[in-house]
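Structure data follow from run34.csv (CSV, N, CA and C atoms):
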```csv
chain,number,residue,atom,x,y,z
A,1,MET,N,12.2,-32.7,45.6
A,1,MET,CA,11.7,-33.1,46.9
A,1,MET,C,12.9,-33.3,47.9
A,2,THR,N,12.7,-33.0,49.1
A,2,THR,CA,13.7,-33.3,50.1
A,2,THR,C,13.2,-34.5,50.9
A,3,PHE,N,14.1,-35.4,51.1
A,3,PHE,CA,13.8,-36.6,51.8
A,3,PHE,C,14.2,-36.4,53.3
A,4,THR,N,13.4,-37.0,54.2
A,4,THR,CA,13.6,-36.8,55.6
A,4,THR,C,14.7,-37.7,56.2
A,5,TRP,N,15.1,-38.8,55.5
A,5,TRP,CA,16.1,-39.7,56.1
A,5,TRP,C,17.4,-39.1,56.1
A,6,LYS,N,18.2,-39.5,57.1
A,6,LYS,CA,19.6,-39.0,57.2
A,6,LYS,C,20.5,-39.9,56.3
A,7,THR,N,20.2,-41.2,56.3
A,7,THR,CA,20.9,-42.1,55.4
A,7,THR,C,19.9,-42.8,54.5
A,8,PRO,N,20.1,-42.8,53.2
A,8,PRO,CA,19.1,-43.4,52.4
A,8,PRO,C,19.0,-44.9,52.7
A,9,PRO,N,17.8,-45.5,52.6
A,9,PRO,CA,17.6,-46.9,53.1
A,9,PRO,C,18.6,-47.9,52.3
A,10,TRP,N,18.8,-47.6,51.0
A,10,TRP,CA,19.7,-48.5,50.3
A,10,TRP,C,21.1,-48.5,50.7
A,11,GLN,N,21.5,-47.5,51.5
A,11,GLN,CA,22.9,-47.3,52.0
A,11,GLN,C,23.0,-47.7,53.5
A,12,ARG,N,22.0,-48.2,54.1
A,12,ARG,CA,22.0,-48.5,55.5
A,12,ARG,C,22.6,-49.9,55.7
A,13,ASN,N,23.2,-50.1,56.8
A,13,ASN,CA,23.7,-51.4,57.2
A,13,ASN,C,22.8,-51.9,58.4
A,14,GLU,N,21.7,-52.4,58.0
A,14,GLU,CA,20.7,-52.8,59.0
A,14,GLU,C,19.9,-54.0,58.4
A,15,ASP,N,19.2,-54.7,59.3
A,15,ASP,CA,18.4,-55.8,58.8
A,15,ASP,C,17.1,-55.3,58.1
A,16,SER,N,16.6,-56.2,57.3
A,16,SER,CA,15.4,-55.8,56.5
A,16,SER,C,14.2,-55.6,57.5
A,17,THR,N,13.3,-54.7,57.2
A,17,THR,CA,12.2,-54.4,58.1
A,17,THR,C,10.8,-54.6,57.4
A,18,HIS,N,10.9,-54.7,56.1
A,18,HIS,CA,9.6,-54.9,55.3
A,18,HIS,C,9.8,-55.9,54.2
A,19,MET,N,8.7,-56.3,53.6
A,19,MET,CA,8.7,-57.2,52.5
A,19,MET,C,8.1,-56.4,51.3
A,20,ALA,N,8.6,-56.5,50.1
A,20,ALA,CA,8.1,-55.9,49.0
A,20,ALA,C,7.7,-56.9,48.0
A,21,VAL,N,6.5,-56.8,47.4
A,21,VAL,CA,6.0,-57.7,46.4
A,21,VAL,C,5.8,-57.0,45.1
A,22,LEU,N,6.5,-57.4,44.0
A,22,LEU,CA,6.2,-56.8,42.7
A,22,LEU,C,5.1,-57.6,42.1
A,23,VAL,N,4.0,-56.9,41.7
A,23,VAL,CA,2.8,-57.6,41.1
A,23,VAL,C,2.9,-57.2,39.7
A,24,ALA,N,3.0,-58.2,38.8
A,24,ALA,CA,3.1,-58.0,37.4
A,24,ALA,C,2.2,-58.8,36.6
A,25,ASP,N,1.8,-58.3,35.4
A,25,ASP,CA,1.0,-59.0,34.4
A,25,ASP,C,2.0,-59.9,33.7
A,26,ALA,N,1.8,-61.2,33.8
A,26,ALA,CA,2.6,-62.2,33.2
A,26,ALA,C,2.1,-62.7,31.8
A,27,GLY,N,1.0,-62.0,31.4
A,27,GLY,CA,0.4,-62.4,30.1
A,27,GLY,C,-0.6,-63.5,30.2
A,28,ASP,N,-1.5,-63.6,29.3
A,28,ASP,CA,-2.6,-64.6,29.2
A,28,ASP,C,-3.4,-64.6,30.5
A,29,GLY,N,-3.6,-63.5,31.1
A,29,GLY,CA,-4.5,-63.4,32.3
A,29,GLY,C,-3.8,-63.8,33.6
A,30,GLN,N,-2.5,-64.1,33.5
A,30,GLN,CA,-1.8,-64.6,34.7
A,30,GLN,C,-1.1,-63.4,35.4
A,31,ILE,N,-1.1,-63.4,36.7
A,31,ILE,CA,-0.4,-62.4,37.5
A,31,ILE,C,0.8,-63.1,38.2
A,32,SER,N,2.0,-62.5,38.2
A,32,SER,CA,3.1,-63.0,38.9
A,32,SER,C,3.5,-62.1,40.1
A,33,PHE,N,4.1,-62.8,41.1
A,33,PHE,CA,4.5,-62.1,42.3
A,33,PHE,C,6.0,-62.4,42.5
A,34,ASN,N,6.8,-61.3,42.8
A,34,ASN,CA,8.2,-61.5,43.1
A,34,ASN,C,8.4,-60.7,44.4
A,35,THR,N,8.9,-61.5,45.4
A,35,THR,CA,9.0,-60.9,46.7
A,35,THR,C,10.5,-60.6,47.1
A,36,GLN,N,10.7,-59.6,47.9
A,36,GLN,CA,12.1,-59.3,48.3
A,36,GLN,C,12.0,-58.6,49.7
A,37,SER,N,12.9,-58.9,50.6
A,37,SER,CA,13.0,-58.1,51.8
A,37,SER,C,13.7,-56.8,51.6
A,38,VAL,N,13.3,-55.8,52.3
A,38,VAL,CA,13.8,-54.4,52.1
A,38,VAL,C,13.9,-53.7,53.4
A,39,ARG,N,14.7,-52.6,53.4
A,39,ARG,CA,14.9,-51.8,54.6
A,39,ARG,C,14.2,-50.5,54.6
A,40,GLY,N,13.8,-49.9,55.7
A,40,GLY,CA,13.2,-48.6,55.8
A,40,GLY,C,12.4,-48.4,57.0
A,41,ASP,N,12.2,-47.2,57.4
A,41,ASP,CA,11.4,-46.9,58.6
A,41,ASP,C,9.9,-46.9,58.3
A,42,ASN,N,9.5,-46.8,57.0
A,42,ASN,CA,8.1,-46.8,56.6
A,42,ASN,C,8.0,-47.4,55.2
A,43,ALA,N,6.8,-47.5,54.6
A,43,ALA,CA,6.6,-48.2,53.3
A,43,ALA,C,7.3,-47.4,52.2
A,44,ALA,N,7.3,-46.1,52.2
A,44,ALA,CA,8.0,-45.3,51.2
A,44,ALA,C,9.5,-45.5,51.2
A,45,GLU,N,10.1,-45.6,52.4
A,45,GLU,CA,11.5,-45.9,52.5
A,45,GLU,C,11.8,-47.3,52.0
A,46,ALA,N,11.0,-48.2,52.3
A,46,ALA,CA,11.1,-49.6,51.9
A,46,ALA,C,11.1,-49.7,50.4
A,47,LEU,N,10.2,-48.9,49.8
A,47,LEU,CA,10.1,-48.9,48.3
A,47,LEU,C,11.3,-48.3,47.7
A,48,ALA,N,11.9,-47.2,48.3
A,48,ALA,CA,13.1,-46.6,47.9
A,48,ALA,C,14.3,-47.6,47.9
A,49,ASP,N,14.3,-48.4,49.0
A,49,ASP,CA,15.4,-49.5,49.1
A,49,ASP,C,15.2,-50.5,47.9
A,50,LEU,N,14.0,-50.9,47.7
A,50,LEU,CA,13.7,-51.8,46.6
A,50,LEU,C,14.2,-51.2,45.2
A,51,LEU,N,13.9,-49.9,45.0
A,51,LEU,CA,14.2,-49.3,43.8
A,51,LEU,C,15.8,-49.1,43.6
A,52,MET,N,16.4,-48.7,44.7
A,52,MET,CA,17.8,-48.3,44.5
A,52,MET,C,18.8,-49.3,45.1
A,53,GLY,N,18.4,-50.3,45.9
A,53,GLY,CA,19.3,-51.3,46.5
A,53,GLY,C,19.8,-52.2,45.5
A,54,PRO,N,20.6,-53.2,45.9
A,54,PRO,CA,21.3,-54.1,45.0
A,54,PRO,C,20.3,-54.9,44.1
A,55,GLY,N,19.1,-55.3,44.7
A,55,GLY,CA,18.2,-56.1,43.9
A,55,GLY,C,17.4,-55.2,42.9
A,56,GLY,N,17.4,-53.9,43.1
A,56,GLY,CA,16.7,-53.0,42.2
A,56,GLY,C,17.5,-52.5,41.1
A,57,ALA,N,18.8,-52.7,41.2
A,57,ALA,CA,19.7,-52.3,40.1
A,57,ALA,C,19.4,-50.9,39.6
A,58,GLY,N,19.3,-50.0,40.6
A,58,GLY,CA,19.0,-48.6,40.3
A,58,GLY,C,17.6,-48.4,39.7
A,59,GLY,N,16.7,-49.2,40.0
A,59,GLY,CA,15.3,-49.1,39.5
A,59,GLY,C,15.0,-49.9,38.2
A,60,GLY,N,16.0,-50.2,37.5
A,60,GLY,CA,15.8,-50.9,36.2
A,60,GLY,C,15.2,-52.3,36.4
A,61,ALA,N,15.6,-53.0,37.4
A,61,ALA,CA,15.1,-54.3,37.6
A,61,ALA,C,13.6,-54.3,38.1
A,62,VAL,N,13.2,-53.2,38.7
A,62,VAL,CA,11.9,-53.1,39.3
A,62,VAL,C,10.9,-52.6,38.3
A,63,LEU,N,11.3,-51.6,37.5
A,63,LEU,CA,10.3,-50.9,36.6
A,63,LEU,C,10.3,-51.6,35.3
A,64,LEU,N,9.9,-52.8,35.3
A,64,LEU,CA,9.8,-53.7,34.1
A,64,LEU,C,8.4,-53.5,33.4
A,65,PRO,N,8.4,-53.8,32.1
A,65,PRO,CA,7.0,-53.8,31.5
A,65,PRO,C,6.2,-54.8,32.1
A,66,GLY,N,4.9,-54.5,32.3
A,66,GLY,CA,4.0,-55.5,32.9
A,66,GLY,C,3.8,-55.2,34.4
A,67,LEU,N,4.6,-54.4,35.0
A,67,LEU,CA,4.4,-54.1,36.4
A,67,LEU,C,3.1,-53.4,36.7
A,68,LEU,N,2.3,-54.0,37.6
A,68,LEU,CA,1.0,-53.4,38.0
A,68,LEU,C,1.1,-52.6,39.2
A,69,ALA,N,1.9,-53.1,40.2
A,69,ALA,CA,1.9,-52.4,41.5
A,69,ALA,C,3.1,-53.0,42.3
A,70,VAL,N,3.4,-52.3,43.4
A,70,VAL,CA,4.4,-52.9,44.4
A,70,VAL,C,3.6,-52.8,45.7
A,71,VAL,N,3.5,-53.9,46.4
A,71,VAL,CA,2.9,-54.0,47.7
A,71,VAL,C,4.0,-54.2,48.7
A,72,VAL,N,3.9,-53.3,49.7
A,72,VAL,CA,4.9,-53.3,50.8
A,72,VAL,C,4.3,-53.6,52.1
A,73,ARG,N,4.8,-54.6,52.8
A,73,ARG,CA,4.3,-55.0,54.1
A,73,ARG,C,5.3,-54.9,55.2
A,74,ARG,N,4.9,-54.3,56.3
A,74,ARG,CA,5.8,-54.2,57.5
A,74,ARG,C,6.1,-55.6,58.1
A,75,GLY,N,7.3,-55.8,58.4
A,75,GLY,CA,7.7,-57.1,59.1
A,75,GLY,C,8.1,-58.1,58.0
A,76,ILE,N,8.8,-59.1,58.5
A,76,ILE,CA,9.3,-60.2,57.7
A,76,ILE,C,8.5,-61.5,58.1
A,77,ASP,N,7.9,-62.1,57.1
A,77,ASP,CA,7.2,-63.4,57.3
A,77,ASP,C,7.5,-64.2,56.1
A,78,VAL,N,8.3,-65.3,56.3
A,78,VAL,CA,8.7,-66.1,55.2
A,78,VAL,C,7.6,-66.8,54.5
A,79,MET,N,6.6,-67.2,55.2
A,79,MET,CA,5.4,-67.8,54.6
A,79,MET,C,4.6,-66.8,53.7
A,80,TRP,N,4.5,-65.6,54.2
A,80,TRP,CA,3.9,-64.5,53.4
A,80,TRP,C,4.7,-64.2,52.1
A,81,MET,N,6.0,-64.2,52.3
A,81,MET,CA,6.9,-64.0,51.1
A,81,MET,C,6.7,-65.1,50.1
A,82,ALA,N,6.6,-66.3,50.6
A,82,ALA,CA,6.5,-67.5,49.7
A,82,ALA,C,5.2,-67.5,48.9
A,83,ARG,N,4.1,-67.0,49.6
A,83,ARG,CA,2.8,-67.1,49.0
A,83,ARG,C,2.0,-65.8,49.4
A,84,PRO,N,2.3,-64.7,48.8
A,84,PRO,CA,1.6,-63.4,49.3
A,84,PRO,C,0.1,-63.6,49.1
A,85,PRO,N,-0.7,-63.2,50.1
A,85,PRO,CA,-2.1,-63.3,50.0
A,85,PRO,C,-2.7,-62.1,49.3
A,86,ILE,N,-2.3,-61.9,48.0
A,86,ILE,CA,-2.7,-60.8,47.3
A,86,ILE,C,-3.7,-61.2,46.2
A,87,GLU,N,-4.8,-60.5,46.1
A,87,GLU,CA,-5.8,-60.8,45.1
A,87,GLU,C,-5.8,-59.6,44.1
A,88,VAL,N,-5.7,-59.9,42.8
A,88,VAL,CA,-5.7,-58.9,41.8
A,88,VAL,C,-6.9,-59.1,40.8
A,89,SER,N,-7.7,-58.1,40.6
A,89,SER,CA,-8.8,-58.2,39.7
A,89,SER,C,-8.9,-57.0,38.9
A,90,PRO,N,-9.5,-57.2,37.7
A,90,PRO,CA,-9.7,-56.0,36.8
A,90,PRO,C,-10.6,-55.0,37.4
A,91,ALA,N,-10.3,-53.7,37.2
A,91,ALA,CA,-11.1,-52.6,37.7
A,91,ALA,C,-12.0,-52.1,36.6
A,92,ASP,N,-13.1,-51.5,36.9
A,92,ASP,CA,-14.0,-50.9,35.9
A,92,ASP,C,-13.2,-49.8,35.2
A,93,GLY,N,-13.3,-49.7,33.9
A,93,GLY,CA,-12.6,-48.6,33.2
A,93,GLY,C,-11.1,-48.8,33.0
A,94,GLY,N,-10.6,-50.1,33.2
A,94,GLY,CA,-9.2,-50.4,33.1
A,94,GLY,C,-8.5,-50.4,34.4
A,95,GLY,N,-7.3,-50.8,34.4
A,95,GLY,CA,-6.5,-50.9,35.6
A,95,GLY,C,-6.9,-52.2,36.4
A,96,PHE,N,-6.4,-52.2,37.6
A,96,PHE,CA,-6.6,-53.3,38.5
A,96,PHE,C,-6.9,-52.9,39.9
A,97,ASN,N,-7.6,-53.8,40.6
A,97,ASN,CA,-7.9,-53.6,42.0
A,97,ASN,C,-7.0,-54.6,42.7
A,98,ILE,N,-6.3,-54.2,43.8
A,98,ILE,CA,-5.5,-55.1,44.6
A,98,ILE,C,-6.0,-55.1,46.0
A,99,ALA,N,-6.2,-56.4,46.5
A,99,ALA,CA,-6.6,-56.6,47.9
A,99,ALA,C,-5.6,-57.6,48.5
A,100,VAL,N,-5.4,-57.3,49.8
A,100,VAL,CA,-4.5,-58.2,50.6
A,100,VAL,C,-5.3,-58.8,51.7
A,101,ALA,N,-5.4,-60.1,51.7
A,101,ALA,CA,-6.1,-60.8,52.7
A,101,ALA,C,-5.4,-60.8,54.1
A,102,GLY,N,-6.2,-60.5,55.1
A,102,GLY,CA,-5.7,-60.6,56.5
A,102,GLY,C,-4.8,-59.4,56.9
A,103,ALA,N,-4.7,-58.4,56.0
A,103,ALA,CA,-3.9,-57.2,56.4
A,103,ALA,C,-4.5,-56.3,57.3
A,104,GLU,N,-3.8,-55.9,58.4
A,104,GLU,CA,-4.3,-55.0,59.4
A,104,GLU,C,-4.0,-53.6,58.9
A,105,GLU,N,-4.8,-52.6,59.4
A,105,GLU,CA,-4.6,-51.2,59.1
A,105,GLU,C,-3.2,-50.7,59.3
A,106,GLY,N,-2.6,-50.1,58.2
A,106,GLY,CA,-1.3,-49.6,58.3
A,106,GLY,C,-0.2,-50.6,58.1
A,107,GLU,N,-0.5,-51.9,58.0
A,107,GLU,CA,0.5,-52.9,57.8
A,107,GLU,C,0.9,-53.1,56.4
A,108,VAL,N,0.1,-52.8,55.4
A,108,VAL,CA,0.4,-53.0,54.0
A,108,VAL,C,0.1,-51.7,53.2
A,109,THR,N,0.9,-51.4,52.3
A,109,THR,CA,0.8,-50.3,51.4
A,109,THR,C,1.0,-50.7,50.0
A,110,ALA,N,0.0,-50.4,49.1
A,110,ALA,CA,0.1,-50.7,47.7
A,110,ALA,C,0.5,-49.4,46.9
A,111,PHE,N,1.5,-49.5,46.1
A,111,PHE,CA,2.0,-48.4,45.3
A,111,PHE,C,1.7,-48.7,43.8
A,112,SER,N,1.0,-47.8,43.2
A,112,SER,CA,0.7,-47.9,41.7
A,112,SER,C,2.0,-47.8,41.0
A,113,VAL,N,2.0,-48.2,39.7
A,113,VAL,CA,3.1,-48.0,38.8
A,113,VAL,C,3.5,-46.5,38.7
A,114,GLU,N,2.5,-45.6,38.7
A,114,GLU,CA,2.7,-44.2,38.6
A,114,GLU,C,3.4,-43.7,39.9
A,115,GLU,N,3.0,-44.2,41.0
A,115,GLU,CA,3.7,-43.8,42.3
A,115,GLU,C,5.1,-44.3,42.4
A,116,VAL,N,5.3,-45.5,41.9
A,116,VAL,CA,6.7,-46.1,41.9
A,116,VAL,C,7.6,-45.3,41.0
A,117,GLN,N,7.1,-45.0,39.8
A,117,GLN,CA,7.9,-44.2,38.9
A,117,GLN,C,8.2,-42.8,39.4
A,118,ALA,N,7.2,-42.2,40.0
A,118,ALA,CA,7.4,-40.8,40.6
A,118,ALA,C,8.5,-40.8,41.7
A,119,LEU,N,8.4,-41.9,42.6
A,119,LEU,CA,9.4,-41.9,43.6
A,119,LEU,C,10.8,-42.2,43.0
A,120,TYR,N,10.9,-43.1,42.1
A,120,TYR,CA,12.1,-43.4,41.4
A,120,TYR,C,12.7,-42.1,40.8
A,121,ASP,N,11.9,-41.3,40.1
A,121,ASP,CA,12.3,-40.1,39.4
A,121,ASP,C,12.8,-39.1,40.4
A,122,ARG,N,12.2,-39.0,41.6
A,122,ARG,CA,12.6,-38.0,42.6
A,122,ARG,C,13.9,-38.5,43.2
A,123,ILE,N,14.1,-39.8,43.5
A,123,ILE,CA,15.3,-40.3,44.0
A,123,ILE,C,16.5,-40.1,43.0
A,124,LYS,N,16.2,-40.4,41.8
A,124,LYS,CA,17.3,-40.2,40.8
A,124,LYS,C,17.7,-38.8,40.6
A,125,SER,N,16.7,-37.9,40.8
A,125,SER,CA,17.0,-36.5,40.7
A,125,SER,C,17.9,-36.0,41.8
A,126,GLU,N,17.6,-36.5,43.0
A,126,GLU,CA,18.4,-36.1,44.2
A,126,GLU,C,19.7,-36.9,44.4
A,127,TYR,N,19.7,-38.2,44.1
A,127,TYR,CA,20.8,-39.0,44.4
A,127,TYR,C,21.6,-39.6,43.2
A,128,GLY,N,21.0,-39.5,42.0
A,128,GLY,CA,21.7,-40.1,40.9
A,128,GLY,C,21.5,-41.6,40.9
A,129,GLY,N,22.5,-42.4,40.6
A,129,GLY,CA,22.4,-43.8,40.5
A,129,GLY,C,22.2,-44.5,41.8
A,130,GLY,N,22.0,-45.7,41.8
A,130,GLY,CA,21.7,-46.5,43.1
A,130,GLY,C,23.0,-47.1,43.7
A,131,GLN,N,22.8,-47.9,44.7
A,131,GLN,CA,23.7,-48.7,45.4
A,131,GLN,C,24.8,-47.8,46.0
```

Can you present the structure in this file as structure tokens?
Amino acid sequence: MTFTWKTPPWQRNEDSTHMAVLVADAGDGQISFNTQSVRGDNAAEALADLLMGPGGAGGGAVLLPGLLAVVVRRGIDVMWMARPPIEVSPADGGGFNIAVAGAEEGEVTAFSVEEVQALYDRIKSEYGGGQ
């Protein structure tokens, strides 16, 4: 795949533009959220920054067992990062449904584990290691 960016988001010297929330199964029916600010012009670029940037350690820190999804929101809101309004419920036939309270159209994007892994594989194929 060819990426449209001139400079990969994890190599940019700019302020964060999005928030990323790692949604993970913490066991015993508990869901954990881990938030981080990331850079990018859109949700996919923000996810790329999460995967390859310093906090992502080349994807290894993000693609942990138990990961259910990554939710990316445009803009930075400290209160949202502290307590993301994300609801996770079991889906029929396995998997999970993810809903974000108060999200406006185009403001939030949820990436499945498969989508996260696919983007990571494409980035690794084109760019190699992170940072």

Next on the checklist: Going by DSSP on the backbone, which residues of chain A come out as strand (DSSP E or B)? List them as a PyMOL selection string.
Outcome noted: chain A and resi 18-27+30-38+67-74+86-90+96-100+108-112

Checklist entry - Out of chain A, which residues get alpha helix (DSSP H) from DSSP, as number ranges by chain? => result A: 43-52, 78-82, 113-127

Suppose we keep N, CA and C atoms; can you now write the selection as a PDB file, keeping the file's coordinate frame?
```
ATOM      1  N   ALA A  43       6.800 -47.500  54.600  1.00  0.00           N
ATOM      2  CA  ALA A  43       6.600 -48.200  53.300  1.00  0.00           C
ATOM      3  C   ALA A  43       7.300 -47.400  52.200  1.00  0.00           C
ATOM      4  N   ALA A  44       7.300 -46.100  52.200  1.00  0.00           N
ATOM      5  CA  ALA A  44       8.000 -45.300  51.200  1.00  0.00           C
ATOM      6  C   ALA A  44       9.500 -45.500  51.200  1.00  0.00           C
ATOM      7  N   GLU A  45      10.100 -45.600  52.400  1.00  0.00           N
ATOM      8  CA  GLU A  45      11.500 -45.900  52.500  1.00  0.00           C
ATOM      9  C   GLU A  45      11.800 -47.300  52.000  1.00  0.00           C
ATOM     10  N   ALA A  46      11.000 -48.200  52.300  1.00  0.00           N
ATOM     11  CA  ALA A  46      11.100 -49.600  51.900  1.00  0.00           C
ATOM     12  C   ALA A  46      11.100 -49.700  50.400  1.00  0.00           C
ATOM     13  N   LEU A  47      10.200 -48.900  49.800  1.00  0.00           N
ATOM     14  CA  LEU A  47      10.100 -48.900  48.300  1.00  0.00           C
ATOM     15  C   LEU A  47      11.300 -48.300  47.700  1.00  0.00           C
ATOM     16  N   ALA A  48      11.900 -47.200  48.300  1.00  0.00           N
ATOM     17  CA  ALA A  48      13.100 -46.600  47.900  1.00  0.00           C
ATOM     18  C   ALA A  48      14.300 -47.600  47.900  1.00  0.00           C
ATOM     19  N   ASP A  49      14.300 -48.400  49.000  1.00  0.00           N
ATOM     20  CA  ASP A  49      15.400 -49.500  49.100  1.00  0.00           C
ATOM     21  C   ASP A  49      15.200 -50.500  47.900  1.00  0.00           C
ATOM     22  N   LEU A  50      14.000 -50.900  47.700  1.00  0.00           N
ATOM     23  CA  LEU A  50      13.700 -51.800  46.600  1.00  0.00           C
ATOM     24  C   LEU A  50      14.200 -51.200  45.200  1.00  0.00           C
ATOM     25  N   LEU A  51      13.900 -49.900  45.000  1.00  0.00           N
ATOM     26  CA  LEU A  51      14.200 -49.300  43.800  1.00  0.00           C
ATOM     27  C   LEU A  51      15.800 -49.100  43.600  1.00  0.00           C
ATOM     28  N   MET A  52      16.400 -48.700  44.700  1.00  0.00           N
ATOM     29  CA  MET A  52      17.800 -48.300  44.500  1.00  0.00           C
ATOM     30  C   MET A  52      18.800 -49.300  45.100  1.00  0.00           C
ATOM     31  N   VAL A  78       8.300 -65.300  56.300  1.00  0.00           N
ATOM     32  CA  VAL A  78       8.700 -66.100  55.200  1.00  0.00           C
ATOM     33  C   VAL A  78       7.600 -66.800  54.500  1.00  0.00           C
ATOM     34  N   MET A  79       6.600 -67.200  55.200  1.00  0.00           N
ATOM     35  CA  MET A  79       5.400 -67.800  54.600  1.00  0.00           C
ATOM     36  C   MET A  79       4.600 -66.800  53.700  1.00  0.00           C
ATOM     37  N   TRP A  80       4.500 -65.600  54.200  1.00  0.00           N
ATOM     38  CA  TRP A  80       3.900 -64.500  53.400  1.00  0.00           C
ATOM     39  C   TRP A  80       4.700 -64.200  52.100  1.00  0.00           C
ATOM     40  N   MET A  81       6.000 -64.200  52.300  1.00  0.00           N
ATOM     41  CA  MET A  81       6.900 -64.000  51.100  1.00  0.00           C
ATOM     42  C   MET A  81       6.700 -65.100  50.100  1.00  0.00           C
ATOM     43  N   ALA A  82       6.600 -66.300  50.600  1.00  0.00           N
ATOM     44  CA  ALA A  82       6.500 -67.500  49.700  1.00  0.00           C
ATOM     45  C   ALA A  82       5.200 -67.500  48.900  1.00  0.00           C
ATOM     46  N   VAL A 113       2.000 -48.200  39.700  1.00  0.00           N
ATOM     47  CA  VAL A 113       3.100 -48.000  38.800  1.00  0.00           C
ATOM     48  C   VAL A 113       3.500 -46.500  38.700  1.00  0.00           C
ATOM     49  N   GLU A 114       2.500 -45.600  38.700  1.00  0.00           N
ATOM     50  CA  GLU A 114       2.700 -44.200  38.600  1.00  0.00           C
ATOM     51  C   GLU A 114       3.400 -43.700  39.900  1.00  0.00           C
ATOM     52  N   GLU A 115       3.000 -44.200  41.000  1.00  0.00           N
ATOM     53  CA  GLU A 115       3.700 -43.800  42.300  1.00  0.00           C
ATOM     54  C   GLU A 115       5.100 -44.300  42.400  1.00  0.00           C
ATOM     55  N   VAL A 116       5.300 -45.500  41.900  1.00  0.00           N
ATOM     56  CA  VAL A 116       6.700 -46.100  41.900  1.00  0.00           C
ATOM     57  C   VAL A 116       7.600 -45.300  41.000  1.00  0.00           C
ATOM     58  N   GLN A 117       7.100 -45.000  39.800  1.00  0.00           N
ATOM     59  CA  GLN A 117       7.900 -44.200  38.900  1.00  0.00           C
ATOM     60  C   GLN A 117       8.200 -42.800  39.400  1.00  0.00           C
ATOM     61  N   ALA A 118       7.200 -42.200  40.000  1.00  0.00           N
ATOM     62  CA  ALA A 118       7.400 -40.800  40.600  1.00  0.00           C
ATOM     63  C   ALA A 118       8.500 -40.800  41.700  1.00  0.00           C
ATOM     64  N   LEU A 119       8.400 -41.900  42.600  1.00  0.00           N
ATOM     65  CA  LEU A 119       9.400 -41.900  43.600  1.00  0.00           C
ATOM     66  C   LEU A 119      10.800 -42.200  43.000  1.00  0.00           C
ATOM     67  N   TYR A 120      10.900 -43.100  42.100  1.00  0.00           N
ATOM     68  CA  TYR A 120      12.100 -43.400  41.400  1.00  0.00           C
ATOM     69  C   TYR A 120      12.700 -42.100  40.800  1.00  0.00           C
ATOM     70  N   ASP A 121      11.900 -41.300  40.100  1.00  0.00           N
ATOM     71  CA  ASP A 121      12.300 -40.100  39.400  1.00  0.00           C
ATOM     72  C   ASP A 121      12.800 -39.100  40.400  1.00  0.00           C
ATOM     73  N   ARG A 122      12.200 -39.000  41.600  1.00  0.00           N
ATOM     74  CA  ARG A 122      12.600 -38.000  42.600  1.00  0.00           C
ATOM     75  C   ARG A 122      13.900 -38.500  43.200  1.00  0.00           C
ATOM     76  N   ILE A 123      14.100 -39.800  43.500  1.00  0.00           N
ATOM     77  CA  ILE A 123      15.300 -40.300  44.000  1.00  0.00           C
ATOM     78  C   ILE A 123      16.500 -40.100  43.000  1.00  0.00           C
ATOM     79  N   LYS A 124      16.200 -40.400  41.800  1.00  0.00           N
ATOM     80  CA  LYS A 124      17.300 -40.200  40.800  1.00  0.00           C
ATOM     81  C   LYS A 124      17.700 -38.800  40.600  1.00  0.00           C
ATOM     82  N   SER A 125      16.700 -37.900  40.800  1.00  0.00           N
ATOM     83  CA  SER A 125      17.000 -36.500  40.700  1.00  0.00           C
ATOM     84  C   SER A 125      17.900 -36.000  41.800  1.00  0.00           C
ATOM     85  N   GLU A 126      17.600 -36.500  43.000  1.00  0.00           N
ATOM     86  CA  GLU A 126      18.400 -36.100  44.200  1.00  0.00           C
ATOM     87  C   GLU A 126      19.700 -36.900  44.400  1.00  0.00           C
ATOM     88  N   TYR A 127      19.700 -38.200  44.100  1.00  0.00           N
ATOM     89  CA  TYR A 127      20.800 -39.000  44.400  1.00  0.00           C
ATOM     90  C   TYR A 127      21.600 -39.600  43.200  1.00  0.00           C
TER      91      TYR A 127
END
```

Item to check | Gap from atom N of Asp25 in chain A to atom N of Asp77 in chain A - Å, one decimal | outcome: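 Spanning atom N of Asp25 in chain A to atom N of Asp77 in chain A is a straight-line distance of 22.9 Å.
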
Checklist entry - So how many Å separate CA of Val116 in chain A and CA of Ala82 in chain A, to one decimal? => result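 According to the coordinates, CA of Val116 in chain A and CA of Ala82 in chain A are separated by 22.8 Å.
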
Checklist entry - By how many Å are atom C of Pro54 in chain A and CA of Leu22 in chain A apart? => result 14.3 Å

Item to check | Spatial sel., origin (-5.0, -56.9, 45.5), limit 5 Å, only N, CA and C atoms, listed as a list in words | outcome: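 Result, sorted by chain then residue number: Ile86, Glu87, Val88, Asn97, Ile98, Ala99 and Val100 of chain A.
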
Item to check | Val71 in chain A environment, 5 Å, only N, CA and C atoms, sequence neighbours closer than 5 positions dropped, as a PyMOL selection string | outcome: chain A and resi 20-21+109-111

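When all atoms listed in the file are used to compute distances to Trp10 in chain A, the closest of the residues A:Leu47, A:Gly53, A:Phe33, A:Asn42 turns out to be A:Gly53.
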